[in-house]
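J.: File name input17.txt; file contents compact mmCIF, C-alpha atoms and all ligand atoms; full text below.
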# COMPACT_ATOMS: atom_id res chain seq x y z
CA MET A 1 0.68 8.66 26.28
CA THR A 2 0.46 4.89 26.35
CA ALA A 3 3.70 2.91 26.38
CA PRO A 4 4.99 1.96 22.91
CA ASP A 5 3.95 -1.47 21.66
CA THR A 6 7.11 -3.56 21.58
CA ARG A 7 5.48 -6.83 20.43
CA SER A 8 6.84 -8.30 17.21
CA ALA A 9 4.73 -8.19 14.05
CA ALA A 10 4.22 -11.98 14.24
CA THR A 11 2.75 -11.72 17.73
CA ILE A 12 0.59 -8.70 16.87
CA VAL A 13 -1.06 -10.46 13.93
CA ALA A 14 -1.42 -13.85 15.64
CA SER A 15 -3.11 -12.34 18.69
CA ALA A 16 -5.15 -9.51 17.10
CA GLY A 17 -8.74 -9.67 18.31
CA VAL A 18 -8.29 -13.15 19.74
CA ARG A 19 -10.75 -13.78 22.61
CA SER A 20 -12.45 -10.42 21.99
CA ASP A 21 -15.94 -11.90 21.48
CA PRO A 22 -18.21 -10.73 24.31
CA GLY A 23 -21.08 -12.97 23.20
CA TYR A 24 -19.84 -16.56 22.94
CA GLY A 25 -16.14 -16.39 23.81
CA SER A 26 -15.06 -17.43 20.33
CA LEU A 27 -11.31 -17.53 19.67
CA THR A 28 -11.66 -15.90 16.25
CA PRO A 29 -13.49 -12.56 16.21
CA PRO A 30 -17.04 -12.99 14.90
CA LEU A 31 -18.28 -10.99 11.92
CA PHE A 32 -20.58 -8.12 12.96
CA ALA A 33 -22.48 -7.46 9.75
CA SER A 34 -25.23 -5.34 11.32
CA ASP A 35 -25.45 -1.82 9.90
CA THR A 36 -26.85 -0.45 13.15
CA TYR A 37 -26.83 -0.97 16.93
CA GLU A 38 -29.39 -0.57 19.68
CA TRP A 39 -29.27 2.49 21.93
CA PRO A 40 -29.99 1.97 25.65
CA ASP A 41 -32.04 5.22 25.59
CA ALA A 42 -32.31 8.14 23.19
CA ALA A 43 -29.79 10.27 25.08
CA THR A 44 -27.05 7.64 25.54
CA LYS A 45 -25.03 6.99 22.39
CA PRO A 46 -23.54 3.49 22.56
CA ALA A 47 -19.87 2.89 21.70
CA TYR A 48 -21.08 1.23 18.49
CA ASP A 49 -24.05 3.01 16.93
CA TYR A 50 -23.87 2.91 13.10
CA SER A 51 -21.41 0.84 11.08
CA ARG A 52 -20.33 3.54 8.64
CA THR A 53 -18.95 5.39 11.67
CA VAL A 54 -17.69 2.51 13.78
CA ASN A 55 -17.82 -1.27 13.53
CA PRO A 56 -16.21 -3.94 15.74
CA ASN A 57 -14.46 -5.75 12.85
CA ARG A 58 -13.14 -2.49 11.47
CA ALA A 59 -11.97 -1.42 14.94
CA LEU A 60 -10.04 -4.71 15.36
CA LEU A 61 -8.39 -4.32 11.96
CA ILE A 62 -7.42 -0.69 12.65
CA GLU A 63 -6.03 -1.73 16.04
CA ALA A 64 -3.88 -4.44 14.43
CA LEU A 65 -2.66 -2.16 11.61
CA ALA A 66 -1.93 0.65 14.08
CA ALA A 67 0.08 -1.74 16.27
CA LEU A 68 2.06 -2.91 13.22
CA GLU A 69 2.82 0.66 12.12
CA GLY A 70 3.30 2.24 15.56
CA ALA A 71 0.26 4.48 14.93
CA ALA A 72 -2.32 5.81 17.42
CA GLY A 73 -5.16 4.89 15.05
CA GLY A 74 -6.74 5.83 11.77
CA ALA A 75 -9.26 4.54 9.27
CA ALA A 76 -9.71 1.32 7.31
CA THR A 77 -11.10 2.27 3.91
CA ALA A 78 -12.83 0.57 1.01
CA SER A 79 -9.69 0.60 -1.17
CA GLY A 80 -6.16 1.93 -1.24
CA GLN A 81 -7.39 4.75 -3.46
CA SER A 82 -10.01 5.81 -0.92
CA ALA A 83 -7.18 6.04 1.64
CA VAL A 84 -5.27 8.35 -0.74
CA LEU A 85 -8.43 10.42 -1.22
CA LEU A 86 -8.91 10.54 2.55
CA ALA A 87 -5.40 11.99 2.95
CA THR A 88 -6.29 14.78 0.50
CA LEU A 89 -9.47 15.56 2.46
CA LEU A 90 -7.22 16.67 5.35
CA LEU A 91 -5.96 19.56 3.17
CA PRO A 92 -7.44 23.01 2.55
CA ALA A 93 -8.84 23.77 -0.91
CA GLY A 94 -6.16 24.64 -3.44
CA ALA A 95 -3.40 23.13 -1.29
CA ARG A 96 -0.04 22.32 -2.83
CA VAL A 97 1.02 18.70 -2.92
CA VAL A 98 4.42 17.23 -3.75
CA ALA A 99 4.45 13.62 -4.93
CA PRO A 100 7.03 11.31 -6.54
CA HIS A 101 7.03 11.44 -10.35
CA ASP A 102 7.12 7.63 -10.29
CA CYS A 103 4.31 7.14 -7.76
CA TYR A 104 1.60 4.48 -8.06
CA GLY A 105 -0.45 5.10 -11.22
CA GLY A 106 -3.74 5.44 -9.33
CA THR A 107 -2.27 8.06 -7.00
CA TYR A 108 -0.98 9.95 -10.04
CA ARG A 109 -4.43 9.76 -11.64
CA LEU A 110 -6.24 10.98 -8.51
CA LEU A 111 -3.86 13.89 -7.81
CA SER A 112 -3.93 14.92 -11.49
CA GLY A 113 -7.75 14.73 -11.56
CA LEU A 114 -8.05 16.86 -8.42
CA GLU A 115 -5.74 19.39 -10.04
CA ALA A 116 -7.71 19.39 -13.31
CA ASP A 117 -10.83 20.26 -11.29
CA GLY A 118 -9.05 23.04 -9.41
CA LYS A 119 -9.12 21.28 -6.04
CA LEU A 120 -5.38 20.82 -5.42
CA VAL A 121 -2.13 21.55 -7.23
CA THR A 122 0.49 18.79 -7.43
CA ARG A 123 4.13 18.96 -8.36
CA PHE A 124 5.51 15.54 -9.31
CA VAL A 125 9.21 15.44 -8.50
CA ASP A 126 12.11 13.03 -8.78
CA MET A 127 12.55 12.18 -5.09
CA ALA A 128 16.21 11.24 -5.74
CA ASP A 129 16.99 14.74 -7.04
CA ASP A 130 18.02 16.94 -4.08
CA ALA A 131 17.75 20.21 -5.99
CA ALA A 132 14.28 19.38 -7.35
CA PHE A 133 13.10 18.23 -3.92
CA ASP A 134 14.46 21.34 -2.14
CA ALA A 135 12.83 23.61 -4.73
CA ALA A 136 9.53 21.79 -4.19
CA MET A 137 9.82 22.34 -0.43
CA ALA A 138 10.44 26.05 -0.98
CA TRP A 139 7.18 26.13 -3.00
CA GLY A 140 5.29 25.61 0.31
CA PRO A 141 3.52 22.23 0.01
CA ALA A 142 0.76 21.30 2.47
CA LEU A 143 1.34 17.59 1.82
CA VAL A 144 4.41 15.63 0.77
CA TRP A 145 3.78 12.11 -0.52
CA ILE A 146 6.46 9.44 -0.19
CA GLU A 147 6.35 6.01 -1.78
CA THR A 148 9.39 3.83 -1.30
CA PRO A 149 10.46 1.67 -2.93
CA SER A 150 8.65 3.26 -5.86
CA ASN A 151 6.49 1.31 -8.22
CA PRO A 152 7.40 -0.05 -10.79
CA LEU A 153 11.10 1.00 -10.73
CA LEU A 154 11.67 0.24 -7.05
CA ARG A 155 13.71 3.34 -6.44
CA VAL A 156 14.49 3.92 -2.79
CA THR A 157 13.80 7.21 -0.98
CA ASP A 158 15.43 8.03 2.36
CA ILE A 159 12.23 8.50 4.38
CA ALA A 160 13.84 10.09 7.45
CA ARG A 161 15.72 12.66 5.38
CA ARG A 162 12.84 13.62 3.09
CA ALA A 163 10.24 13.60 5.89
CA GLY A 164 12.47 15.81 8.08
CA ALA A 165 12.87 18.40 5.32
CA ALA A 166 9.15 18.26 4.45
CA ARG A 167 8.07 18.78 8.05
CA ALA A 168 10.59 21.62 8.41
CA ALA A 169 8.85 23.19 5.39
CA GLY A 170 5.53 22.93 7.27
CA ALA A 171 4.06 20.04 5.26
CA LEU A 172 2.20 16.97 6.42
CA VAL A 173 4.12 13.89 5.29
CA CYS A 174 2.40 10.72 4.18
CA ALA A 175 4.14 7.49 3.12
CA ASP A 176 2.45 4.85 0.98
CA ASN A 177 3.86 1.72 2.66
CA THR A 178 2.00 -0.83 0.52
CA VAL A 179 5.05 -2.36 -1.14
CA MET A 180 7.37 -2.66 1.88
CA THR A 181 4.71 -3.45 4.53
CA PRO A 182 5.22 -2.64 8.24
CA CYS A 183 7.18 -5.90 8.58
CA ARG A 184 10.08 -4.16 6.83
CA GLN A 185 9.55 -0.42 7.16
CA ARG A 186 7.68 1.79 9.67
CA PRO A 187 7.39 5.30 8.19
CA LEU A 188 5.89 6.84 11.35
CA ASP A 189 9.06 5.91 13.27
CA LEU A 190 11.03 7.70 10.52
CA GLY A 191 9.23 11.03 10.92
CA CYS A 192 6.13 10.72 8.71
CA ASP A 193 2.79 12.03 10.01
CA LEU A 194 0.68 9.57 8.06
CA VAL A 195 1.07 6.10 6.63
CA MET A 196 -1.19 4.79 3.88
CA HIS A 197 -1.82 1.24 2.67
CA SER A 198 -3.58 -0.63 -0.04
CA THR A 199 -4.53 -3.65 2.10
CA THR A 200 -5.69 -5.22 -1.18
CA LYS A 201 -2.05 -6.22 -1.62
CA ALA A 202 0.32 -8.01 0.78
CA LEU A 203 -1.56 -7.16 3.97
CA ASN A 204 -4.55 -9.25 2.95
CA GLY A 205 -2.34 -11.31 0.64
CA HIS A 206 -5.07 -13.52 -0.79
CA ALA A 207 -6.09 -11.41 -3.80
CA ASP A 208 -9.76 -11.58 -2.87
CA LEU A 209 -10.78 -8.13 -1.62
CA PHE A 210 -10.22 -4.38 -1.83
CA GLY A 211 -9.17 -2.35 1.15
CA GLY A 212 -6.99 0.48 2.35
CA ALA A 213 -5.87 2.26 5.47
CA LEU A 214 -4.71 5.70 6.56
CA LEU A 215 -3.04 5.78 9.97
CA ALA A 216 -1.44 8.51 12.08
CA LYS A 217 0.67 8.78 15.18
CA ASP A 218 -0.84 12.02 16.45
CA SER A 219 -4.26 11.62 18.07
CA ALA A 220 -5.59 14.98 16.77
CA LEU A 221 -4.77 13.79 13.25
CA VAL A 222 -6.40 10.41 13.97
CA GLU A 223 -9.61 12.24 14.96
CA ARG A 224 -9.62 14.20 11.70
CA ILE A 225 -9.06 11.00 9.71
CA GLU A 226 -11.94 9.30 11.53
CA TRP A 227 -14.17 12.34 11.03
CA TRP A 228 -13.55 12.50 7.27
CA ALA A 229 -13.79 8.71 6.77
CA ASN A 230 -17.23 8.84 8.39
CA ALA A 231 -18.37 12.08 6.75
CA ALA A 232 -17.33 10.95 3.27
CA GLY A 233 -18.40 7.34 3.82
CA LEU A 234 -15.01 5.90 2.83
CA SER A 235 -14.91 3.12 5.43
CA ALA A 236 -14.32 -0.54 4.64
CA SER A 237 -17.19 -2.96 5.19
CA ALA A 238 -17.29 -5.27 8.21
CA HIS A 239 -16.87 -8.30 5.98
CA GLU A 240 -13.78 -6.92 4.22
CA CYS A 241 -12.24 -5.95 7.57
CA TRP A 242 -12.92 -9.41 9.01
CA GLN A 243 -11.34 -11.04 5.98
CA THR A 244 -8.37 -8.65 5.92
CA LEU A 245 -7.59 -9.49 9.54
CA ARG A 246 -7.68 -13.18 8.58
CA GLY A 247 -5.20 -12.52 5.75
CA LEU A 248 -3.01 -10.36 7.98
CA ARG A 249 -2.36 -13.23 10.40
CA THR A 250 0.19 -14.79 8.04
CA LEU A 251 1.76 -11.53 6.79
CA PRO A 252 5.20 -11.94 8.41
CA LEU A 253 5.44 -15.56 7.22
CA ARG A 254 4.37 -14.69 3.68
CA ILE A 255 6.76 -11.72 3.50
CA GLU A 256 9.71 -13.89 4.54
CA ARG A 257 8.92 -16.53 1.96
CA MET A 258 8.11 -14.10 -0.87
CA GLU A 259 11.31 -12.13 -0.19
CA ALA A 260 13.51 -15.22 -0.12
CA SER A 261 11.99 -16.29 -3.46
CA ALA A 262 12.37 -12.79 -4.93
CA ARG A 263 16.06 -12.82 -4.00
CA ALA A 264 16.48 -16.19 -5.74
CA VAL A 265 14.61 -14.93 -8.82
CA HIS A 266 16.72 -11.77 -8.84
CA ALA A 267 19.98 -13.74 -8.61
CA TRP A 268 18.85 -15.91 -11.52
CA LEU A 269 17.66 -12.99 -13.70
CA ALA A 270 20.94 -11.14 -13.07
CA GLU A 271 22.76 -13.97 -14.89
CA GLN A 272 20.53 -13.98 -17.96
CA PRO A 273 21.92 -12.27 -21.09
CA ALA A 274 18.33 -11.62 -22.23
CA ILE A 275 17.76 -9.22 -19.31
CA ALA A 276 18.73 -5.69 -20.38
CA ALA A 277 17.90 -3.90 -17.12
CA LEU A 278 17.02 -5.22 -13.69
CA HIS A 279 15.59 -3.28 -10.75
CA TYR A 280 15.59 -4.74 -7.26
CA PRO A 281 16.26 -2.81 -4.05
CA GLY A 282 17.75 -5.90 -2.35
CA ASP A 283 14.73 -6.37 -0.10
CA GLY A 284 11.06 -7.04 -0.73
CA PHE A 285 9.04 -9.25 -3.07
CA MET A 286 8.90 -6.94 -6.10
CA LEU A 287 11.29 -6.59 -8.98
CA SER A 288 11.13 -5.15 -12.47
CA PHE A 289 13.16 -5.70 -15.61
CA GLU A 290 13.55 -4.92 -19.27
CA LEU A 291 14.32 -7.55 -21.87
CA ALA A 292 16.73 -7.45 -24.77
CA GLY A 293 13.84 -8.67 -26.88
CA ASP A 294 10.08 -8.46 -27.29
CA ALA A 295 8.09 -8.34 -24.03
CA ALA A 296 4.98 -9.69 -25.83
CA ALA A 297 6.86 -12.82 -26.98
CA PHE A 298 8.24 -13.33 -23.48
CA LEU A 299 4.75 -13.11 -21.97
CA THR A 300 3.28 -15.68 -24.38
CA GLY A 301 5.98 -18.15 -23.26
CA LEU A 302 4.83 -18.06 -19.62
CA ASN A 303 2.67 -20.79 -18.20
CA LEU A 304 2.71 -20.48 -14.38
CA LEU A 305 2.89 -16.70 -13.93
CA THR A 306 -0.28 -14.69 -14.45
CA LEU A 307 -0.39 -11.47 -16.46
CA ALA A 308 -2.35 -9.25 -14.09
CA SER A 309 -2.17 -5.93 -12.20
CA SER A 310 -1.74 -6.23 -8.46
CA LEU A 311 1.00 -7.27 -6.09
CA GLY A 312 1.74 -8.88 -2.76
CA GLY A 313 -0.64 -11.84 -3.19
CA TYR A 314 -0.02 -15.57 -2.99
CA ALA A 315 0.29 -15.95 -6.77
CA THR A 316 3.25 -14.56 -8.72
CA LEU A 317 1.97 -11.85 -11.06
CA ILE A 318 3.69 -10.19 -13.94
CA CYS A 319 2.52 -6.94 -15.51
CA LYS A 320 3.54 -4.38 -18.08
CA PRO A 321 3.16 -1.08 -16.17
CA SER A 322 3.08 1.15 -19.28
CA THR A 323 -0.23 -0.31 -20.48
CA MET A 324 -1.53 -1.77 -17.21
CA THR A 325 -0.91 -0.24 -13.74
CA HIS A 326 0.43 3.08 -15.03
CA ARG A 327 -1.86 3.65 -18.02
CA GLY A 328 -3.38 6.63 -16.12
CA MET A 329 0.01 8.34 -16.55
CA PRO A 330 0.48 9.94 -19.99
CA PRO A 331 3.41 8.61 -22.12
CA GLU A 332 5.45 11.80 -21.51
CA ALA A 333 5.05 11.43 -17.74
CA GLN A 334 6.00 7.74 -18.00
CA ALA A 335 9.12 8.67 -19.95
CA GLU A 336 9.94 11.36 -17.37
CA ALA A 337 9.59 8.77 -14.59
CA GLY A 338 11.81 6.31 -16.49
CA ILE A 339 9.05 3.75 -17.14
CA ALA A 340 10.12 2.13 -20.42
CA PRO A 341 7.23 0.95 -22.65
CA ASP A 342 8.38 -2.68 -22.37
CA LEU A 343 9.29 -2.69 -18.67
CA LEU A 344 7.88 -5.75 -16.87
CA ARG A 345 7.11 -5.89 -13.16
CA LEU A 346 7.08 -9.04 -11.10
CA SER A 347 5.38 -9.57 -7.74
CA VAL A 348 6.82 -12.81 -6.41
CA GLY A 349 4.28 -15.01 -4.65
CA LEU A 350 4.30 -18.22 -2.65
CA GLU A 351 5.04 -20.82 -5.34
CA ALA A 352 8.32 -22.73 -5.08
CA PRO A 353 11.08 -20.39 -6.34
CA ASP A 354 12.44 -23.05 -8.73
CA ASP A 355 9.06 -23.23 -10.45
CA ILE A 356 8.89 -19.44 -10.81
CA ILE A 357 12.41 -19.44 -12.30
CA ALA A 358 11.53 -22.32 -14.66
CA ASP A 359 8.59 -20.27 -15.94
CA LEU A 360 10.75 -17.18 -16.49
CA ALA A 361 13.14 -19.44 -18.41
CA ARG A 362 10.20 -20.49 -20.63
CA GLY A 363 9.49 -16.79 -21.27
CA ILE A 364 13.12 -16.15 -22.22
CA ALA A 365 13.13 -19.23 -24.49
CA ALA A 366 10.06 -17.78 -26.28
CA LEU A 367 12.13 -14.73 -27.24
CA GLY A 368 13.66 -16.98 -29.89
C1 LIG B 1 -2.61 -0.91 -5.33
C2 LIG B 1 -1.92 0.27 -4.80
C3 LIG B 1 -2.62 1.42 -4.44
C4 LIG B 1 -4.12 1.54 -4.63
O1 LIG B 1 -4.82 0.58 -3.91
P1 LIG B 1 -6.23 -0.07 -4.38
O2 LIG B 1 -6.52 -0.99 -3.24
O3 LIG B 1 -6.01 -0.75 -5.68
O4 LIG B 1 -7.21 1.04 -4.48
C5 LIG B 1 -1.90 2.49 -3.94
N1 LIG B 1 -0.56 2.44 -3.79
C6 LIG B 1 0.15 1.35 -4.14
C7 LIG B 1 1.62 1.35 -3.97
C8 LIG B 1 -0.51 0.23 -4.66
O5 LIG B 1 0.21 -0.84 -5.02
Step by step, read the file and then write its structure as structure tokens.
T.:
Amino acid sequence: MTAPDTRSAATIVASAGVRSDPGYGSLTPPLFASDTYEWPDAATKPAYDYSRTVNPNRALLIEALAALEGAAGGAATASGQSAVLLATLLLPAGARVVAPHDCYGGTYRLLSGLEADGKLVTRFVDMADDAAFDAAMAWGPALVWIETPSNPLLRVTDIARRAGAARAAGALVCADNTVMTPCRQRPLDLGCDLVMHSTTKALNGHADLFGGALLAKDSALVERIEWWANAAGLSASAHECWQTLRGLRTLPLRIERMEASARAVHAWLAEQPAIAALHYPGDGFMLSFELAGDAAAFLTGLNLLTLASSLGGYATLICKPSTMTHRGMPPEAQAEAGIAPDLLRLSVGLEAPDDIIADLARGIAALG
């Protein structure tokens, strides 16, 4: 066992891979785009042999993400979805999975598709309902999926409590930590076996690439993750890893700013009579709300905010989950999860909070 990494997130990201260049001594890690590497002789496999399996830029990114999450290692994948798929590859055929009924729409789509093809069986449960959760544990799941705060309703799940019960039931526990980021929540410290990310979102933060990660604390699990990422070819490219590490360097700064703005936006929305329901866990850069009025009219009034699916980037985005991020979830399942047809979700970015609020005021004015 190596000693736990006690460096702060800011120091981890500012120093990741710095002065690691063996060739020219560059401060910033160079981009190793080569697909393959020279062997000294046919019997001696070099540490880096073929970039699907292992690549210096990917290794640096995994090292930084593992340090942030308190993991032993894992895989950096081509998207968040390929990290979810990778987690399912750790399971036997026909395994039982328990997932939140209000999980990310893409996760819902993937788990439902695997079930439709007879590969896995998933029970989607309300993670806030003790009786439903306990019954799902008694069902004997091989994997329990946690996503907190949930998306788009930002419901909070007690990770330590649910992970403890899931592990006692013999399940692997994986938390999707995309929305909270390791700056605010470290699921492995709270008893999860695996932590998954869409690095497309806040970790990269610049809305210009796709990436994901699946990390574990236990080294035997890390080896299985690496084996499957290589066997299935799910790994992120060198270029995307290089660029993600660049984005990651400002993560703690961006999170602080986006959160402070989200709190200001929340305080302002809470005072508006036109807001019929408001969801904000008190922390984080995401909030969602329903209007006492027509969401379409509100959206046409906006000028600064962009109507787009994604979150955690520099630009404030607004989306209508029912027809955008969660369209892979049938209307009945949306209703079950409490996703109202006109619910709007906001990912607060790096603009000045007063300008974001002024734009929301334009949207409300457009309600007439
Ligand atoms: C975006 C997202 C994913 C999927 O990630 P992609 O990079 O889009 O494949 C999974 N979980 C959450 C919470 C997300 O926001």
J.: Pick out the closest residue to Glu290 (chain A) from this set: A:Gly338, A:Thr325, A:Leu234, A:Leu317. Count all atoms listed in the file.
T.: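 For Glu290 (chain A), the nearest of the candidates is A:Gly338.
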J.: If the limit is 9 Å from any atom of ligand LIG 1 (chain B), counting all atoms listed in the file, which residues qualify? Return them as an MDAnalysis selection string.
T.: chainID A and resid 78:84 103:107 147:151 176:179 196:201 209:212 309:312 325
J.: Find the residue from A:Leu154, A:Leu360, A:Ala171, A:Ala238 that sits nearest to Gly282 (chain A); use only C-alpha atoms when measuring.
T.: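 The shortest atom-to-atom distance to Gly282 (chain A) comes from A:Leu154.
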J.: Report as a VMD selection string all protein, DNA and RNA residues lying within 12 Å of Leu60 (chain A), evaluated on all atoms listed in the file, omitting residues in the same chain fewer than 6 positions from it.
T.: chain A and resid 12 to 13 15 to 21 28 to 32 54 66 to 67 73 to 76 238 240 to 246 248
J.: Find the residue from A:Leu194, A:Ala358, A:Ala337, A:Ala42 that sits nearest to Trp268 (chain A); use only C-alpha atoms when measuring.
T.: A:Ala358
J.: Considering only C-alpha atoms, can you say which of A:Gln334, A:Ser219, A:Ser235, A:Asn204 comes closest to Leu153 (chain A)?
T.: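 Closest candidate: A:Gln334.
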J.: Find, counting all atoms listed in the file, the residue in A:Thr122, A:Ser112, A:Asn55, A:Gln185 that gets nearest to Ala236 (chain A).
T.: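 Counting all atoms listed in the file, the residue closest to Ala236 (chain A) is A:Asn55.
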J.: For the atom pair CA of Leu91 (chain A) and CA of Glu226 (chain A), what is the interatomic distance in Å to one decimal place?
T.: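 Between CA of Leu91 (chain A) and CA of Glu226 (chain A) the gap works out to 14.5 Å.
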J.: Could you check which residues have any atom within 12 Å of (1.8, -16.9, 3.9), counting only C-alpha atoms with coordinates taken straight from the file, and then list them as a PyMOL selection string?
T.: chain A and resi 10+202-206+246-259+312-315+349-351
J.: What gap, in Å, lies between CA of Leu307 (chain A) and CA of Tyr280 (chain A)?
T.: 19.6 Å
J.: Take CA of Ala128 (chain A) and CA of Ala292 (chain A) and report the distance between them in Å, one decimal.
T.: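 Result for CA of Ala128 (chain A) versus CA of Ala292 (chain A): 26.7 Å, one decimal.
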J.: Restricting the calculation to all atoms listed in the file: of A:Glu336, A:Glu223, A:Glu63, A:Asp355, which residue gets closest to Pro100 (chain A)?
T.: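 So, comparing all the options, the nearest one is A:Glu336.
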J.: What lies within 8 Å of Ala71 (chain A) using all atoms listed in the file, ignoring chain neighbours under 4 positions off, as a list in words?
T.: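 With the cut-off at 8 Å, the set is Leu65, Ala66, Ala67, Leu188, Leu215, Ala216, Lys217 and Asp218 of chain A.
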J.: Grab the residues selected above and save them as a compact mmCIF listing (two decimals), keeping the file's coordinate frame with C-alpha atoms.
T.:
# COMPACT_ATOMS: atom_id res chain seq x y z
CA LEU A 65 -2.66 -2.16 11.61
CA ALA A 66 -1.93 0.65 14.08
CA ALA A 67 0.08 -1.74 16.27
CA LEU A 188 5.89 6.84 11.35
CA LEU A 215 -3.04 5.78 9.97
CA ALA A 216 -1.44 8.51 12.08
CA LYS A 217 0.67 8.78 15.18
CA ASP A 218 -0.84 12.02 16.45
J.: Within 9 Å of Ile339 (chain A), counting only C-alpha atoms, which residues show up once you throw out same-chain ones fewer than 2 positions away? Write them as an NGL selection string, please.
T.: :A and (102 or 152-153 or 321-322 or 326 or 331 or 333-337 or 341-343)
J.: Using all atoms listed in the file, collect all residues at a distance of at most 12 Å from (9.5, -22.4, -11.9) as written in the file, then present them as a list of chain:residue names.
T.: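 So the residues meeting the distance criterion are A:Ser261, A:Ala264, A:Val265, A:Trp268, A:Leu302, A:Asn303, A:Leu304, A:Leu305, A:Thr316, A:Val348, A:Gly349, A:Leu350, A:Glu351, A:Ala352, A:Pro353, A:Asp354, A:Asp355, A:Ile356, A:Ile357, A:Ala358, A:Asp359, A:Leu360, A:Ala361, A:Arg362, A:Gly363.
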J.: For the selection just defined, write its residues with C-alpha atoms to a file, as a PDB file, keeping the file's coordinate frame.
T.:
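Contents of again-v1.pdb, as written:
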ATOM      1  CA  SER A 261      11.990 -16.290  -3.460  1.00  0.00           C
ATOM      2  CA  ALA A 264      16.480 -16.190  -5.740  1.00  0.00           C
ATOM      3  CA  VAL A 265      14.610 -14.930  -8.820  1.00  0.00           C
ATOM      4  CA  TRP A 268      18.850 -15.910 -11.520  1.00  0.00           C
ATOM      5  CA  LEU A 302       4.830 -18.060 -19.620  1.00  0.00           C
ATOM      6  CA  ASN A 303       2.670 -20.790 -18.200  1.00  0.00           C
ATOM      7  CA  LEU A 304       2.710 -20.480 -14.380  1.00  0.00           C
ATOM      8  CA  LEU A 305       2.890 -16.700 -13.930  1.00  0.00           C
ATOM      9  CA  THR A 316       3.250 -14.560  -8.720  1.00  0.00           C
ATOM     10  CA  VAL A 348       6.820 -12.810  -6.410  1.00  0.00           C
ATOM     11  CA  GLY A 349       4.280 -15.010  -4.650  1.00  0.00           C
ATOM     12  CA  LEU A 350       4.300 -18.220  -2.650  1.00  0.00           C
ATOM     13  CA  GLU A 351       5.040 -20.820  -5.340  1.00  0.00           C
ATOM     14  CA  ALA A 352       8.320 -22.730  -5.080  1.00  0.00           C
ATOM     15  CA  PRO A 353      11.080 -20.390  -6.340  1.00  0.00           C
ATOM     16  CA  ASP A 354      12.440 -23.050  -8.730  1.00  0.00           C
ATOM     17  CA  ASP A 355       9.060 -23.230 -10.450  1.00  0.00           C
ATOM     18  CA  ILE A 356       8.890 -19.440 -10.810  1.00  0.00           C
ATOM     19  CA  ILE A 357      12.410 -19.440 -12.300  1.00  0.00           C
ATOM     20  CA  ALA A 358      11.530 -22.320 -14.660  1.00  0.00           C
ATOM     21  CA  ASP A 359       8.590 -20.270 -15.940  1.00  0.00           C
ATOM     22  CA  LEU A 360      10.750 -17.180 -16.490  1.00  0.00           C
ATOM     23  CA  ALA A 361      13.140 -19.440 -18.410  1.00  0.00           C
ATOM     24  CA  ARG A 362      10.200 -20.490 -20.630  1.00  0.00           C
ATOM     25  CA  GLY A 363       9.490 -16.790 -21.270  1.00  0.00           C
TER      26      GLY A 363
END
